[in-house]
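Dropping start.cif in here (mmCIF, C-alpha atoms):
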data_start
loop_
_atom_site.label_atom_id
_atom_site.label_comp_id
_atom_site.auth_asym_id
_atom_site.auth_seq_id
_atom_site.Cartn_x
_atom_site.Cartn_y
_atom_site.Cartn_z
CA MET H 1 75.87 110.81 114.93
CA ALA H 2 78.00 111.98 112.04
CA ASP H 3 76.38 114.92 110.33
CA VAL H 4 77.90 115.63 106.93
CA ARG H 5 75.29 116.81 104.48
CA GLU H 6 75.39 116.89 100.70
CA LEU H 7 76.33 120.25 99.15
CA THR H 8 75.61 121.14 95.53
CA ASP H 9 76.45 123.98 93.17
CA ALA H 10 72.88 125.19 93.70
CA THR H 11 72.97 125.18 97.51
CA PHE H 12 76.48 126.60 97.97
CA GLU H 13 75.31 130.20 98.34
CA THR H 14 72.77 129.41 101.06
CA ASP H 15 74.63 126.69 102.91
CA VAL H 16 78.12 128.15 102.85
CA VAL H 17 78.25 131.81 101.92
CA LYS H 18 75.27 132.79 104.02
CA SER H 19 75.96 130.43 106.90
CA ASP H 20 76.06 131.80 110.45
CA LEU H 21 78.42 129.08 111.53
CA PRO H 22 81.80 128.28 109.96
CA VAL H 23 81.59 125.58 107.33
CA LEU H 24 83.88 122.74 106.25
CA VAL H 25 83.36 121.27 102.78
CA ASP H 26 84.86 117.88 101.89
CA PHE H 27 85.34 117.62 98.10
CA TRP H 28 85.34 114.01 96.96
CA ALA H 29 84.51 111.65 94.10
CA PRO H 30 83.49 107.98 94.14
CA TRP H 31 86.60 106.75 92.31
CA CYS H 32 89.03 108.44 94.70
CA GLY H 33 90.42 106.05 97.33
CA PRO H 34 91.97 108.62 99.67
CA CYS H 35 88.63 110.51 99.64
CA ARG H 36 86.91 107.41 100.98
CA MET H 37 89.55 107.15 103.68
CA VAL H 38 88.99 110.75 104.75
CA ALA H 39 85.18 110.46 104.79
CA PRO H 40 84.81 108.63 108.14
CA ILE H 41 87.32 111.01 109.73
CA VAL H 42 85.27 113.98 108.52
CA GLY H 43 82.23 112.22 109.95
CA GLU H 44 83.88 111.96 113.36
CA LEU H 45 84.95 115.60 113.22
CA SER H 46 81.38 116.63 112.41
CA GLU H 47 80.33 115.09 115.73
CA GLU H 48 83.15 116.71 117.65
CA TYR H 49 82.47 120.15 116.18
CA ALA H 50 78.67 119.81 116.32
CA GLY H 51 77.05 123.17 116.91
CA LYS H 52 80.31 124.97 116.15
CA VAL H 53 81.02 124.06 112.52
CA ASN H 54 78.70 122.81 109.79
CA PHE H 55 80.07 119.93 107.71
CA PHE H 56 79.24 119.29 104.07
CA LYS H 57 80.54 117.07 101.32
CA MET H 58 80.52 117.84 97.61
CA ASN H 59 80.81 115.27 94.82
CA THR H 60 83.11 116.87 92.24
CA ASP H 61 81.84 114.61 89.45
CA GLU H 62 78.33 115.98 89.86
CA ASN H 63 79.15 119.58 90.69
CA PRO H 64 81.52 121.33 88.27
CA GLN H 65 81.01 124.95 89.30
CA VAL H 66 82.15 125.27 92.90
CA PRO H 67 85.32 123.17 92.48
CA THR H 68 86.31 125.20 89.42
CA LYS H 69 85.59 128.45 91.23
CA PHE H 70 88.06 127.49 93.95
CA GLY H 71 90.65 126.06 91.57
CA ILE H 72 90.42 122.54 92.95
CA ARG H 73 92.60 120.19 90.92
CA SER H 74 93.22 117.43 93.39
CA ILE H 75 91.04 115.52 95.80
CA PRO H 76 90.43 115.04 98.59
CA THR H 77 90.38 118.75 99.32
CA LEU H 78 88.79 120.31 102.39
CA LEU H 79 87.82 123.98 102.32
CA ILE H 80 87.02 125.82 105.54
CA PHE H 81 84.80 128.91 105.39
CA LYS H 82 83.92 131.52 107.97
CA GLY H 83 81.56 134.41 107.35
CA GLY H 84 81.38 133.33 103.73
CA ASP H 85 85.15 133.71 103.24
CA LEU H 86 87.63 130.95 102.54
CA LYS H 87 89.85 130.59 105.59
CA GLY H 88 91.63 127.31 105.10
CA THR H 89 92.50 124.73 102.44
CA VAL H 90 93.70 121.18 103.05
CA VAL H 91 94.74 119.20 99.98
CA GLY H 92 95.28 115.46 100.17
CA PHE H 93 94.67 112.91 102.86
CA ARG H 94 95.64 113.93 106.39
CA PRO H 95 95.19 111.99 109.61
CA LYS H 96 92.56 113.19 112.07
CA GLY H 97 94.94 115.01 114.41
CA ASP H 98 96.31 117.05 111.51
CA LEU H 99 92.83 117.96 110.31
CA LYS H 100 91.77 119.16 113.74
CA LYS H 101 94.81 121.41 113.89
CA ARG H 102 94.09 122.83 110.47
CA ILE H 103 90.43 123.47 111.34
CA ASP H 104 91.34 125.19 114.59
CA GLU H 105 93.98 127.31 112.82
CA ALA H 106 91.56 128.37 110.12
CA LEU H 107 88.93 129.41 112.64
CA ALA H 108 91.21 131.18 115.08
CA MET D 1 101.85 101.55 128.13
CA THR D 2 100.01 98.90 126.12
CA ASP D 3 101.35 95.34 125.87
CA VAL D 4 100.72 93.27 122.76
CA ASP D 5 102.12 90.06 121.36
CA ILE D 6 102.70 91.23 117.80
CA ALA D 7 102.93 94.83 116.60
CA ILE D 8 102.73 95.44 112.86
CA VAL D 9 103.93 98.77 111.53
CA GLY D 10 102.25 99.65 108.25
CA GLY D 11 98.76 98.69 107.09
CA GLY D 12 99.34 97.88 103.44
CA GLY D 13 99.11 94.47 101.78
CA ALA D 14 101.96 92.95 103.75
CA GLY D 15 100.93 94.27 107.14
CA LEU D 16 97.25 93.43 106.84
CA THR D 17 97.98 89.89 105.68
CA ALA D 18 100.43 89.43 108.54
CA ALA D 19 97.67 90.63 110.85
CA ILE D 20 95.22 88.03 109.54
CA TYR D 21 97.69 85.27 110.30
CA ALA D 22 98.87 86.67 113.62
CA SER D 23 95.36 87.15 114.96
CA ARG D 24 94.22 83.74 113.76
CA ALA D 25 97.15 82.33 115.74
CA ARG D 26 95.40 83.96 118.71
CA ARG D 27 98.17 86.42 119.35
CA SER D 28 97.13 89.93 120.39
CA THR D 29 97.84 91.90 117.24
CA VAL D 30 97.88 95.59 116.49
CA VAL D 31 98.43 97.24 113.10
CA PHE D 32 99.63 100.84 113.00
CA GLU D 33 98.72 102.80 109.88
CA ARG D 34 99.41 106.54 109.66
CA LYS D 35 97.80 107.27 106.30
CA ILE D 36 95.64 105.03 104.16
CA THR D 37 95.08 101.29 104.64
CA GLY D 38 96.25 99.45 101.57
CA GLY D 39 99.26 101.69 101.09
CA GLN D 40 100.21 101.86 97.45
CA ILE D 41 97.17 99.98 96.23
CA ALA D 42 94.75 102.30 97.98
CA THR D 43 95.16 104.71 95.10
CA THR D 44 95.15 102.08 92.36
CA ASP D 45 91.95 102.09 90.36
CA LEU D 46 92.15 98.54 89.08
CA VAL D 47 94.37 95.77 90.40
CA GLU D 48 94.38 93.17 87.65
CA ASN D 49 97.15 90.82 88.72
CA PHE D 50 96.07 89.84 92.23
CA PRO D 51 94.91 86.21 91.97
CA GLY D 52 91.22 85.61 92.45
CA PHE D 53 89.93 88.60 90.50
CA PRO D 54 89.74 87.85 86.76
CA GLU D 55 87.85 91.11 86.18
CA GLY D 56 90.27 93.07 88.34
CA VAL D 57 89.41 94.82 91.61
CA ASN D 58 89.56 98.40 92.85
CA GLY D 59 92.64 98.81 95.04
CA PHE D 60 90.94 100.72 97.81
CA ASP D 61 88.06 98.24 97.95
CA LEU D 62 90.48 95.32 98.10
CA ALA D 63 92.38 96.95 100.94
CA GLN D 64 89.16 97.42 102.88
CA LEU D 65 88.45 93.69 102.51
CA PHE D 66 91.90 92.97 103.97
CA VAL D 67 91.10 95.24 106.93
CA ARG D 68 87.74 93.61 107.52
CA GLN D 69 89.30 90.19 107.45
CA ALA D 70 92.04 91.15 109.88
CA GLU D 71 89.59 92.78 112.27
CA LYS D 72 87.29 89.77 112.11
CA PHE D 73 89.98 87.67 113.77
CA GLY D 74 90.74 90.24 116.44
CA THR D 75 93.32 92.59 114.92
CA GLN D 76 93.23 96.08 116.38
CA MET D 77 93.79 98.87 113.86
CA VAL D 78 95.46 101.99 115.24
CA TYR D 79 95.53 104.93 112.85
CA GLU D 80 98.63 106.61 114.21
CA ASP D 81 102.29 106.99 113.29
CA VAL D 82 105.01 104.96 114.99
CA THR D 83 107.80 107.43 115.68
CA SER D 84 110.42 105.15 117.20
CA LEU D 85 111.22 101.49 117.62
CA GLU D 86 113.64 100.24 120.27
CA ARG D 87 114.74 96.90 121.60
CA GLU D 88 114.66 96.51 125.35
CA PRO D 89 117.18 94.48 127.38
CA ASP D 90 114.64 91.67 127.87
CA GLY D 91 114.28 91.31 124.10
CA ARG D 92 110.89 92.97 123.81
CA PHE D 93 110.25 96.01 121.66
CA ARG D 94 109.13 99.46 122.64
CA LEU D 95 107.18 101.53 120.12
CA ALA D 96 106.47 105.23 120.59
CA THR D 97 103.27 106.04 118.76
CA GLY D 98 100.63 108.73 118.38
CA ALA D 99 98.46 106.54 120.63
CA GLY D 100 101.02 106.24 123.41
CA THR D 101 103.76 103.69 124.09
CA PHE D 102 103.30 100.07 123.08
CA ARG D 103 105.41 97.11 124.07
CA ALA D 104 105.46 94.09 121.82
CA ARG D 105 107.07 90.65 122.03
CA ALA D 106 107.55 90.58 118.28
CA VAL D 107 107.39 93.27 115.61
CA ILE D 108 106.73 93.03 111.90
CA VAL D 109 107.69 96.18 110.02
CA THR D 110 105.71 96.51 106.80
CA ALA D 111 106.13 100.22 106.22
CA GLY D 112 106.62 99.84 102.48
CA ALA D 113 107.88 102.67 100.35
CA ASP D 114 106.95 106.19 99.33
CA TYR D 115 106.79 107.65 95.86
CA ASN D 116 109.92 109.32 94.58
CA ARG D 117 109.85 112.99 93.74
CA LEU D 118 111.58 114.65 90.81
CA ASP D 119 113.16 117.24 93.10
CA VAL D 120 112.94 120.00 90.53
CA PRO D 121 111.86 123.64 90.87
CA GLY D 122 108.12 124.07 90.80
CA GLU D 123 107.37 120.58 92.04
CA ALA D 124 106.67 121.43 95.67
CA GLU D 125 104.94 124.71 94.88
CA LEU D 126 102.51 123.18 92.40
CA THR D 127 101.79 119.93 94.23
CA GLY D 128 98.02 119.49 94.21
CA ARG D 129 97.74 122.05 91.43
CA GLY D 130 98.73 119.90 88.53
CA VAL D 131 101.66 118.04 90.09
CA SER D 132 100.40 114.65 91.20
CA TRP D 133 101.45 111.18 92.24
CA CYS D 134 97.93 109.83 92.22
CA ALA D 135 96.10 109.43 88.94
CA THR D 136 92.96 108.09 90.56
CA CYS D 137 92.80 111.16 92.78
CA ASP D 138 93.41 113.82 90.19
CA ALA D 139 93.00 112.68 86.57
CA ALA D 140 89.35 113.74 86.33
CA PHE D 141 90.28 117.39 86.82
CA PHE D 142 92.16 117.39 83.54
CA ARG D 143 89.39 116.30 81.22
CA ASP D 144 90.16 117.11 77.58
CA GLN D 145 93.49 118.67 78.51
CA ASP D 146 97.09 117.80 77.68
CA VAL D 147 99.06 116.16 80.48
CA ALA D 148 102.41 114.50 81.04
CA VAL D 149 103.37 111.27 82.78
CA VAL D 150 106.96 110.81 83.90
CA GLY D 151 108.31 107.28 84.14
CA GLY D 152 108.65 104.09 82.15
CA GLY D 153 107.58 101.29 84.44
CA ASP D 154 104.30 99.57 85.28
CA SER D 155 103.02 102.38 87.46
CA ALA D 156 103.66 105.03 84.83
CA LEU D 157 101.81 103.10 82.14
CA ASP D 158 99.06 101.74 84.34
CA GLU D 159 98.25 105.12 85.80
CA GLY D 160 98.86 106.73 82.43
CA LEU D 161 96.11 104.56 80.95
CA PHE D 162 93.77 105.75 83.68
CA VAL D 163 94.64 109.37 82.98
CA ALA D 164 94.08 108.78 79.25
CA ARG D 165 90.40 108.15 79.94
CA TYR D 166 90.04 111.84 80.70
CA ALA D 167 92.93 113.68 79.06
CA ARG D 168 93.04 114.73 75.45
CA LYS D 169 96.72 113.84 75.19
CA VAL D 170 99.11 112.02 77.51
CA THR D 171 102.81 112.51 76.86
CA ILE D 172 105.02 109.92 78.49
CA ILE D 173 108.40 111.37 79.34
CA HIS D 174 111.05 108.75 80.00
CA ARG D 175 114.77 109.21 80.64
CA ARG D 176 115.72 106.16 78.55
CA ASP D 177 114.74 104.99 75.10
CA SER D 178 112.71 101.94 76.08
CA LEU D 179 110.01 101.16 78.62
CA ARG D 180 110.46 98.84 81.57
CA ALA D 181 106.76 98.11 81.96
CA SER D 182 105.21 94.69 81.40
CA GLN D 183 104.42 93.85 77.82
CA ILE D 184 100.67 93.89 78.18
CA LEU D 185 100.73 97.48 79.39
CA GLN D 186 103.10 98.53 76.64
CA GLU D 187 100.74 97.01 74.08
CA ARG D 188 97.75 98.86 75.48
CA VAL D 189 99.55 102.17 75.54
CA ARG D 190 100.88 101.82 72.00
CA ALA D 191 97.39 100.97 70.77
CA ASN D 192 95.93 104.09 72.40
CA PRO D 193 96.02 107.14 70.10
CA ARG D 194 96.06 109.57 73.00
CA PHE D 195 99.63 108.71 73.94
CA ALA D 196 102.78 110.44 72.74
CA PHE D 197 106.33 109.62 73.81
CA VAL D 198 109.35 111.72 74.57
CA TRP D 199 112.42 109.51 74.99
CA ASN D 200 115.79 110.07 76.64
CA THR D 201 114.39 113.08 78.39
CA VAL D 202 114.14 114.44 81.92
CA VAL D 203 112.06 117.21 83.42
CA GLU D 204 114.16 120.12 84.63
CA ARG D 205 111.49 122.49 85.81
CA ILE D 206 107.74 122.68 86.30
CA ASN D 207 106.30 126.06 85.32
CA GLY D 208 103.08 127.81 86.24
CA THR D 209 101.72 130.55 88.49
CA ASP D 210 98.66 129.06 90.18
CA GLN D 211 98.72 125.76 88.34
CA VAL D 212 100.94 123.75 86.07
CA GLU D 213 101.33 125.39 82.66
CA SER D 214 104.43 123.86 81.09
CA LEU D 215 107.51 121.72 81.64
CA ASP D 216 111.12 122.49 80.81
CA LEU D 217 112.65 119.34 79.34
CA ARG D 218 116.19 118.26 78.51
CA ASN D 219 117.22 115.42 76.26
CA VAL D 220 119.94 113.53 78.15
CA THR D 221 121.65 112.24 75.00
CA THR D 222 121.69 115.42 72.88
CA GLY D 223 121.51 118.00 75.65
CA GLU D 224 118.76 119.75 73.71
CA ARG D 225 116.25 121.71 75.77
CA SER D 226 112.57 122.11 74.99
CA SER D 227 109.28 123.14 76.52
CA LEU D 228 106.07 121.14 76.76
CA PRO D 229 102.78 122.89 77.54
CA VAL D 230 100.70 120.69 79.89
CA SER D 231 98.06 121.18 82.57
CA ALA D 232 99.32 118.38 84.77
CA ILE D 233 102.29 116.15 85.41
CA PHE D 234 101.86 112.71 86.96
CA ILE D 235 105.06 111.39 88.47
CA PHE D 236 105.79 107.66 88.63
CA ILE D 237 109.55 107.26 88.93
CA GLY D 238 109.92 104.60 91.56
CA GLN D 239 109.89 104.48 95.32
CA THR D 240 112.06 104.92 98.38
CA PRO D 241 111.80 102.47 101.28
CA ASN D 242 110.35 103.84 104.53
CA ASN D 243 113.19 102.54 106.66
CA GLY D 244 113.36 105.26 109.31
CA LEU D 245 112.37 102.94 112.15
CA LEU D 246 115.01 100.40 111.19
CA ARG D 247 117.97 102.75 111.45
CA GLY D 248 120.60 101.61 113.95
CA LEU D 249 118.73 98.35 114.44
CA VAL D 250 118.34 96.37 111.23
CA GLU D 251 120.89 95.61 108.51
CA THR D 252 119.88 96.92 105.13
CA ASP D 253 121.10 96.67 101.54
CA PRO D 254 122.70 99.69 99.82
CA GLY D 255 119.25 100.81 98.67
CA GLY D 256 117.95 100.92 102.25
CA HIS D 257 115.82 97.77 102.16
CA ALA D 258 115.94 95.40 105.14
CA LEU D 259 118.02 92.26 104.74
CA VAL D 260 115.88 89.25 105.61
CA ASP D 261 116.03 85.47 105.28
CA LEU D 262 113.32 83.37 103.68
CA ASP D 263 111.29 83.67 106.88
CA MET D 264 111.41 87.48 106.76
CA ARG D 265 113.72 87.45 109.81
CA THR D 266 116.14 90.35 110.20
CA ASN D 267 119.36 90.34 112.17
CA VAL D 268 117.32 91.22 115.26
CA PRO D 269 115.50 88.29 116.94
CA GLY D 270 111.77 88.93 117.07
CA LEU D 271 111.94 91.66 114.41
CA PHE D 272 110.65 90.86 110.95
CA VAL D 273 110.33 92.93 107.79
CA ALA D 274 107.94 92.07 104.95
CA GLY D 275 106.74 93.64 101.71
CA ASP D 276 108.33 96.46 99.73
CA LEU D 277 110.56 97.43 102.64
CA ARG D 278 112.56 94.20 102.50
CA ALA D 279 115.43 93.55 100.11
CA GLN D 280 114.66 91.94 96.76
CA ALA D 281 110.93 92.40 97.12
CA ALA D 282 108.99 91.75 93.94
CA ARG D 283 107.00 94.89 94.73
CA GLN D 284 103.68 93.29 93.93
CA LEU D 285 100.66 93.09 96.18
CA ILE D 286 100.53 89.31 96.11
CA ALA D 287 104.22 89.12 96.99
CA ALA D 288 103.72 91.56 99.85
CA SER D 289 100.82 89.44 101.10
CA GLY D 290 102.94 86.32 100.79
CA ASP D 291 105.72 87.99 102.74
CA GLY D 292 103.26 89.12 105.39
CA SER D 293 101.93 85.63 106.03
CA THR D 294 105.45 84.20 106.12
CA ALA D 295 106.54 86.82 108.64
CA ALA D 296 103.51 86.22 110.85
CA ILE D 297 104.05 82.47 110.88
CA ALA D 298 107.71 83.01 111.74
CA ALA D 299 106.75 85.47 114.47
CA GLU D 300 104.35 82.93 115.92
CA HIS D 301 107.12 80.28 115.99
CA TYR D 302 109.41 82.80 117.65
CA LEU D 303 106.85 83.48 120.40
CA ASP D 304 106.26 79.74 120.80
CA GLN D 305 109.94 79.18 121.37
CA LEU D 306 110.05 81.96 123.94
CA GLY D 307 107.45 79.99 125.82
CA ASP D 308 105.06 82.91 125.81
#
Write out the structure in this file as structure tokens.
Amino acid sequence: MADVRELTDATFETDVVKSDLPVLVDFWAPWCGPCRMVAPIVGELSEEYAGKVNFFKMNTDENPQVPTKFGIRSIPTLLIFKGGDLKGTVVGFRPKGDLKKRIDEALA
Amino acid sequence: MTDVDIAIVGGGGAGLTAAIYASRARRSTVVFERKITGGQIATTDLVENFPGFPEGVNGFDLAQLFVRQAEKFGTQMVYEDVTSLEREPDGRFRLATGAGTFRARAVIVTAGADYNRLDVPGEAELTGRGVSWCATCDAAFFRDQDVAVVGGGDSALDEGLFVARYARKVTIIHRRDSLRASQILQERVRANPRFAFVWNTVVERINGTDQVESLDLRNVTTGERSSLPVSAIFIFIGQTPNNGLLRGLVETDPGGHALVDLDMRTNVPGLFVAGDLRAQAARQLIAASGDGSTAAIAAEHYLDQLGD
């Protein structure tokens, strides 16, 4: 079962910064086609990394603070965090194999 | 090694339509797509000239309908890249892909085209940080800011109009003194107070540390140089055909597009090219779809004749 939960400006501190596990956040917006293409792939990855990485998605239309804080100016963007620190950034659509590589690199 | 009747390379309008026809002809059909189904329309907010949608339709949504329709009749979608295409002595085709080797009796290449880059300093470094080829992806991040659009055709104006919903000012930079875009788009842009125009001008450099801050411009008729402060630059200056797989196999025109007859047949029996990748394509979704169906019907006749 895909497990990608909603992240908001208000929950960022608890869910990402203070998380025990590494976290991947998928920044998206409803009007962004490539974001919708990436969403099911992120869903599959959430199953494959279950118990090892927590997966969240953040709607950039509804949450202005976190995207601005990380200088996001293009979506889809995936940010990978470990121990509260930003370890990896993936901008633009990438196929699943690429994303896995990037996640593994960021967490190495 | 996987054997199929018809392999389609590229899941945009042409490829997905070809798949509908091929699978309805009860041929085992696979479509390879390495990025986003729909291709160039996947990032188009509103497609207004595809027949059947008087109110227009979101490009990504439309593409998903194509996929559903193709899958309904048995098409298999494979989201991997095809890295090589070869013809075997028995006339079949061998495709090396991210999902292993496939062998097909007929192949329809619908790999379309990719957006052209400016190839100027700053472009690569600031991609995703103000340099964009996708208005629907990125325009919302530049709310109330000043941005630039480079180009003078339909894409530049269409996407420019989308950007203008968010931006405070959209400056269209075009290397000639008149637009190529269809009249209706030109009318809409001229009527929109947010647009400014810079004619006979090219971008020489994109400046900025962490994000786009300004552009260095040069007027191609006077040679005069100037600077334009902007937060983003959206680039719509045409496309380059994705003809890598055709090299050494298929005859192309000087621009790199496959030469085909009215049935989308190339010089190689059993190999068809449809959509933006073929010569003299109209570069419209409906034309790509038309090409795709033509190619699939021709492929089916080809297989019939083989006695397969």
Can you translate the PyMOL selection byres ((chain D) within 6 of (chain H)) into the concrete residues it hits in this file, as a PDB file with C-alpha atoms, in the coordinates of the input?
ATOM      1  CA  ALA D  42      94.750 102.300  97.980  1.00  0.00           C
ATOM      2  CA  THR D  43      95.160 104.710  95.100  1.00  0.00           C
ATOM      3  CA  PHE D  60      90.940 100.720  97.810  1.00  0.00           C
ATOM      4  CA  GLY D 128      98.020 119.490  94.210  1.00  0.00           C
ATOM      5  CA  ARG D 129      97.740 122.050  91.430  1.00  0.00           C
ATOM      6  CA  THR D 136      92.960 108.090  90.560  1.00  0.00           C
ATOM      7  CA  CYS D 137      92.800 111.160  92.780  1.00  0.00           C
ATOM      8  CA  ASP D 138      93.410 113.820  90.190  1.00  0.00           C
ATOM      9  CA  PHE D 141      90.280 117.390  86.820  1.00  0.00           C
TER      10      PHE D 141
END
Next on the checklist: I want to know what sits within 12 Å of Thr171 in chain D, based on all atoms listed in the file, with residues of the same chain fewer than 2 positions away left out; could you give that as a ChimeraX atom specification?
Outcome noted: /D:145-152,156-157,160-161,163-164,167-169,173-174,189-190,192-199,201,215,228-235
Checklist entry - Exactly which residues make up the result of the PyMOL selection byres ((chain D and resi 204) around 10) on this file, given as an NGL selection string? => result :D and (118-122 or 201-203 or 205-207 or 215-218 or 225-227)
Based on the selection just made, write C-alpha atoms of those residues as a PDB file, in the frame of the given file.
ATOM      1  CA  LEU D 118     111.580 114.650  90.810  1.00  0.00           C
ATOM      2  CA  ASP D 119     113.160 117.240  93.100  1.00  0.00           C
ATOM      3  CA  VAL D 120     112.940 120.000  90.530  1.00  0.00           C
ATOM      4  CA  PRO D 121     111.860 123.640  90.870  1.00  0.00           C
ATOM      5  CA  GLY D 122     108.120 124.070  90.800  1.00  0.00           C
ATOM      6  CA  THR D 201     114.390 113.080  78.390  1.00  0.00           C
ATOM      7  CA  VAL D 202     114.140 114.440  81.920  1.00  0.00           C
ATOM      8  CA  VAL D 203     112.060 117.210  83.420  1.00  0.00           C
ATOM      9  CA  ARG D 205     111.490 122.490  85.810  1.00  0.00           C
ATOM     10  CA  ILE D 206     107.740 122.680  86.300  1.00  0.00           C
ATOM     11  CA  ASN D 207     106.300 126.060  85.320  1.00  0.00           C
ATOM     12  CA  LEU D 215     107.510 121.720  81.640  1.00  0.00           C
ATOM     13  CA  ASP D 216     111.120 122.490  80.810  1.00  0.00           C
ATOM     14  CA  LEU D 217     112.650 119.340  79.340  1.00  0.00           C
ATOM     15  CA  ARG D 218     116.190 118.260  78.510  1.00  0.00           C
ATOM     16  CA  ARG D 225     116.250 121.710  75.770  1.00  0.00           C
ATOM     17  CA  SER D 226     112.570 122.110  74.990  1.00  0.00           C
ATOM     18  CA  SER D 227     109.280 123.140  76.520  1.00  0.00           C
TER      19      SER D 227
END
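The space separating CA of Phe27 in chain H from CA of Gly11 in chain D comes to 24.9 Å.
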Item to check | Å distance separating CA of Gly10 in chain D from CA of Ala113 in chain D, one decimal place | outcome: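 Answer for the CA of Gly10 in chain D to CA of Ala113 in chain D separation: 10.2 Å.
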Checklist entry - Which one of H:Asp3, H:Asp104, H:Glu13, H:Asp98 sits closest to Ala50 in chain H if you count only C-alpha atoms? => result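 Distance minimum relative to Ala50 in chain H lands on H:Asp3.
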Item to check | Residue IDs satisfying the PyMOL selection byres ((chain H and resi 53) around 8), as an NGL selection string | outcome: :H and (21-24 or 46 or 49-52 or 54-55)
